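J.: Pasting a structure below so you can have a look.
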There are 2 protein chains.
Amino acid sequence: MSMMTDAYTRKLDLAEGRVDLSHGAGGRAMRQLIEGIFHEAFDNEWLRAGNDQSAFAVSGGRMVMSTDGYVVSPLFFPGGNIGSLAVHGTINDIAMAAARPLYLSASFIIEEGFPLADLKRIADSMGVASREAAVPIITGDTKVVERGKADGVFISTAGVGRVLDGLDLRADAARPRDAVILSGSIGDHGVAVMSNRENLQFDAAIVSDSAPLHTLVAMMAEAGGRHIRLMRDPTRGGLAATLNEVASQSKVGFHIDEEAIPIKPEVAAVCELLGLDPLNVANEGKLVAVAAPEGAEAILAAMRAHPLGREAALIGHVVADDYCFVQMATSFGGRRVVDWLTGEQLPRIC
Amino acid sequence: MSMMTDAYTRKLDLAEGRVDLSHGAGGRAMRQLIEGIFHEAFDNEWLRAGNDQSAFAVSGGRMVMSTDGYVVSPLFFPGGNIGSLAVHGTINDIAMAAARPLYLSASFIIEEGFPLADLKRIADSMGVASREAAVPIITGDTKVVERGKADGVFISTAGVGRVLDGLDLRADAARPRDAVILSGSIGDHGVAVMSNRENLQFDAAIVSDSAPLHTLVAMMAEAGGRHIRLMRDPTRGGLAATLNEVASQSKVGFHIDEEAIPIKPEVAAVCELLGLDPLNVANEGKLVAVAAPEGAEAILAAMRAHPLGREAALIGHVVADDYCFVQMATSFGGRRVVDWLTGEQLPRIC
């Protein structure tokens, strides 16, 4: 910046300031917001280069690209906020293709009047999440809309990654007799957000499981990569939606065992209180893998050796079923069909 | 889909239907919206694979990534809509790095109650824009927020591209004596959107210049690639913001010539009526190139041979200036400093 522009510039008031429309107008105020909050938080050579896009070198091979929008309400919840969630979620979508996430982009749509202090908290969380995962946010964009035309802040992240050598997972690859492996307890994220939204207080704090799964995936791939048919992270719609989607794409059914599905007692209790089926509740740090039966043990062992897979469990198997039903043996000894969620039970959970 | 799920499914009512919260809930209604509107419009093998991410092969080299959020109001304007704009805008950000755009992602944040017919029109425009540019939209996401928590629809697109061999443009590469080339008339997009918003009616319809610039860039690169220092598309903030940004990044000044800057008479007239300086008004199908003086003629000739560069003009040159001023020789024979826009003159122009 020249001396002249420095002299003009009013300092960003990170304690009391608020986003206004000039922060999205393409001028000096926008540049200041981007440098003072986003570049500061994400801190890397790509952003410092100050281009409208960022360049990186790749070796030849297979890459993946993914995107997700984040509209979670409230923006801050136990275990994270919309910023860390936006980083973890896109890393996980990339990782589910058995790919190593490389770079992220972030697009912010901000409501006029949003506190700069909250924006900084969110950006700082993204910076921490991105550094911890070693996946830098290399490019971004900021738009501001008038008061009442958004809800605080929405974030869309996109990511690119490189597929691990020799792996090629496909949504239609599940085969009868395949093992279904779940990496840990279900429902934590959705219940943490819902409890916060409903102002429920509990003795035991329930925190979101929001976490990046790519290092877990790398260990699974090393232990039994060629046996992995597909992986999914059961976010919106929960485990029920994920299994039903895979069932319809692979044209198979699932038999799962309720007793084998890890769930924290406090999460189960809140689900009961709120009338939620934990199978429909979103997770943000869990994965489901479908694997050839002969590889399941090695994959499970590798998962249990990783902090995010300590409770990994074999929860069922794939069956031939022209109706593509997901069926569950219940704790009471019966069997029921697990359907997708049909309504709008949990809006804005991610 | 199994027979069972087919039987359940209510048809999407594309004439009278509206988006509801279930369309963002991760269940069957969301799947139906995505398949019935987005997959239908974008129509490609990647989306049909039905994964949360999409894979593609790359050869080794330099790639670029970019993202932009789109919040334009109104959503439909002469010459385009938020959908075509979201495709063109991200293609252009990629192209400005002298890169060939390869793939796009799209994240939709939709307000409950938004007409499905409008969503389909927007998605169809994106499909057309993406096919015409030969840059497929290979992955996406859809979120729905409650009525009053967004404004119709917001779209964030991200893109990846491959840098053309031997080119490496940088924001700090402008040098004194370099030529400044503009690809065509300024202000068309911003004036088209503002006129529509203000319900202004004119004899001559002013339409947005929204267009993908990557084939123009390819011709420029072929004609004089090694002479191109940097390129920018002057969107939000207009030509004034772009030149000031480059000036401060390259630590140089600009001398430009008002008479040399193409502007349509009707656009100039509306700017006068609305009190806008056309230098601050957004463009969505124009580029500014800074080039070594010895390459300028060849680059200009190549641009003029392309439909989107027919009016390309040499509008000035780079000067040494510690203050990083952009100065303009005016039509009246004077000289003035062209500053960034400081306020919020044109909110939600893209």
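By order of appearance in the structure tokens: chains A, B, ..., then residues from 1 within every chain, and ligands from 1 in the order shown.
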Can you pull out the residues contacting Met63 of chain B? Cut-off 10 Å, using only C-alpha atoms, and skip same-chain residues under 6 positions away; I want them as an mmCIF file with N, CA, C and O atoms, in the first residue's frame.
T.:
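Saved file part.cif follows:
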data_model
loop_
_atom_site.group_PDB
_atom_site.id
_atom_site.type_symbol
_atom_site.label_atom_id
_atom_site.label_comp_id
_atom_site.auth_asym_id
_atom_site.auth_seq_id
_atom_site.Cartn_x
_atom_site.Cartn_y
_atom_site.Cartn_z
ATOM 1 N N SER A 54 -5.461 -18.621 -6.983
ATOM 2 C CA SER A 54 -4.141 -19.020 -6.499
ATOM 3 C C SER A 54 -3.647 -20.215 -7.277
ATOM 4 O O SER A 54 -4.428 -21.093 -7.651
ATOM 5 N N ALA A 55 -2.339 -20.235 -7.495
ATOM 6 C CA ALA A 55 -1.752 -21.293 -8.306
ATOM 7 C C ALA A 55 -0.991 -22.282 -7.428
ATOM 8 O O ALA A 55 -0.514 -21.940 -6.348
ATOM 9 N N PHE A 56 -0.928 -23.520 -7.882
ATOM 10 C CA PHE A 56 -0.168 -24.544 -7.163
ATOM 11 C C PHE A 56 0.275 -25.585 -8.183
ATOM 12 O O PHE A 56 -0.339 -25.743 -9.233
ATOM 13 N N ALA A 57 1.360 -26.286 -7.846
ATOM 14 C CA ALA A 57 1.878 -27.310 -8.756
ATOM 15 C C ALA A 57 1.248 -28.656 -8.428
ATOM 16 O O ALA A 57 0.970 -28.954 -7.265
ATOM 17 N N VAL A 58 0.981 -29.442 -9.455
ATOM 18 C CA VAL A 58 0.468 -30.805 -9.227
ATOM 19 C C VAL A 58 1.304 -31.783 -10.046
ATOM 20 O O VAL A 58 1.853 -31.447 -11.086
ATOM 21 N N ILE B 94 -10.348 -17.673 -13.168
ATOM 22 C CA ILE B 94 -9.356 -18.690 -13.542
ATOM 23 C C ILE B 94 -8.565 -18.197 -14.769
ATOM 24 O O ILE B 94 -7.329 -18.255 -14.808
ATOM 25 N N ALA B 97 -5.508 -15.809 -14.674
ATOM 26 C CA ALA B 97 -4.180 -16.337 -14.340
ATOM 27 C C ALA B 97 -3.519 -16.959 -15.564
ATOM 28 O O ALA B 97 -2.540 -17.689 -15.437
ATOM 29 N N ALA B 99 -4.868 -19.230 -17.371
ATOM 30 C CA ALA B 99 -5.116 -20.659 -17.184
ATOM 31 C C ALA B 99 -6.342 -21.078 -17.980
ATOM 32 O O ALA B 99 -7.243 -20.272 -18.232
ATOM 33 N N ARG B 100 -6.357 -22.334 -18.382
ATOM 34 C CA ARG B 100 -7.520 -22.887 -19.048
ATOM 35 C C ARG B 100 -8.442 -23.441 -17.967
ATOM 36 O O ARG B 100 -8.066 -24.348 -17.225
ATOM 37 N N PRO B 101 -9.675 -22.881 -17.821
ATOM 38 C CA PRO B 101 -10.605 -23.391 -16.812
ATOM 39 C C PRO B 101 -11.000 -24.824 -17.158
ATOM 40 O O PRO B 101 -11.294 -25.128 -18.320
ATOM 41 N N LEU B 102 -11.009 -25.691 -16.153
ATOM 42 C CA LEU B 102 -11.316 -27.101 -16.393
ATOM 43 C C LEU B 102 -12.652 -27.529 -15.793
ATOM 44 O O LEU B 102 -13.483 -28.112 -16.479
ATOM 45 N N VAL B 160 -11.344 -24.809 -10.977
ATOM 46 C CA VAL B 160 -9.923 -25.122 -11.122
ATOM 47 C C VAL B 160 -9.558 -25.048 -12.599
ATOM 48 O O VAL B 160 -10.402 -25.259 -13.474
ATOM 49 N N GLY B 161 -8.303 -24.712 -12.847
ATOM 50 C CA GLY B 161 -7.834 -24.627 -14.220
ATOM 51 C C GLY B 161 -6.359 -24.971 -14.287
ATOM 52 O O GLY B 161 -5.704 -25.132 -13.258
ATOM 53 N N ARG B 162 -5.884 -25.069 -15.500
ATOM 54 C CA ARG B 162 -4.472 -25.407 -15.701
ATOM 55 C C ARG B 162 -3.784 -24.217 -16.367
ATOM 56 O O ARG B 162 -4.256 -23.705 -17.381
ATOM 57 N N VAL B 163 -2.684 -23.776 -15.760
ATOM 58 C CA VAL B 163 -1.968 -22.618 -16.279
ATOM 59 C C VAL B 163 -1.357 -22.981 -17.633
ATOM 60 O O VAL B 163 -0.785 -24.060 -17.799
ATOM 61 N N LEU B 164 -1.517 -22.083 -18.602
ATOM 62 C CA LEU B 164 -0.966 -22.317 -19.936
ATOM 63 C C LEU B 164 0.553 -22.412 -19.839
ATOM 64 O O LEU B 164 1.186 -21.674 -19.076
#
J.: Using only C-alpha atoms, determine which residues lie at most 9 Å from Ala29 of chain B, disregarding the query and same-chain residues fewer than 2 positions distant; provide the list as a PyMOL selection string.
T.: (chain A and resi 342-343) or (chain B and resi 9-10+12+22-27+31-34)
J.: Name the closest residue to Gly140 of chain A among the candidates B:Ala117, B:Val337, B:Met65, B:Ile109; distances are taken between atoms, counting only C-alpha atoms.
T.: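 Of the candidates, the smallest distance to Gly140 of chain A is held by B:Met65.
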J.: Using DSSP on the backbone coordinates, identify all residues within segment 134-214 of chain A classified as alpha helix (DSSP H); present the result as a ChimeraX atom specification.
T.: /A:188-197,214
J.: Hey, what's within 10 Å of Asp118 of chain A if we count only C-alpha atoms and toss same-chain stuff fewer than 4 positions away? As a PyMOL selection string, please?
T.: chain A and resi 14-15+18+75-76+114+122-124+152-153
J.: Determine, counting only C-alpha atoms, which protein, DNA and RNA residues have an atom within 6 Å of an atom of Ser156 of chain B; residues of the same chain fewer than 5 positions away are not included. Present the result as an NGL selection string.
T.: :B and (68-70 or 106-107)
J.: Would you export the selected residues with C-alpha atoms as a PDB file, in the first residue's frame, please?
T.:
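Result went into out.pdb, see below:
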ATOM      1  CA  ASP B  68     -16.660 -16.251  -5.882  1.00  0.00           C
ATOM      2  CA  GLY B  69     -19.970 -15.747  -4.136  1.00  0.00           C
ATOM      3  CA  TYR B  70     -22.887 -14.301  -6.100  1.00  0.00           C
ATOM      4  CA  ALA B 106     -21.529 -24.813  -7.304  1.00  0.00           C
ATOM      5  CA  SER B 107     -22.933 -24.258  -3.807  1.00  0.00           C
TER       6      SER B 107
END
J.: Ranking A:Arg335, A:Arg121, A:Arg48, A:Arg177 by minimum distance to chain B and counting only C-alpha atoms, which one comes first?
T.: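 Ranked by minimum distance to chain B, first place goes to A:Arg48.
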J.: Could you check how far atom CA of Ala320 of chain B sits from atom CA of Ile256 of chain B, in Å to one decimal?
T.: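 Here the two named atoms are 13.5 Å from each other.
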J.: Within 9 Å of Pro176 of chain A, counting only C-alpha atoms, which residues qualify if same-chain residues fewer than 4 places away don't, as a PyMOL selection string?
T.: chain A and resi 252-254+317-321
J.: Counting only C-alpha atoms, which of A:Ile37, A:Ile206, A:Leu239, A:Ile261 gets nearest to chain B?
T.: A:Leu239
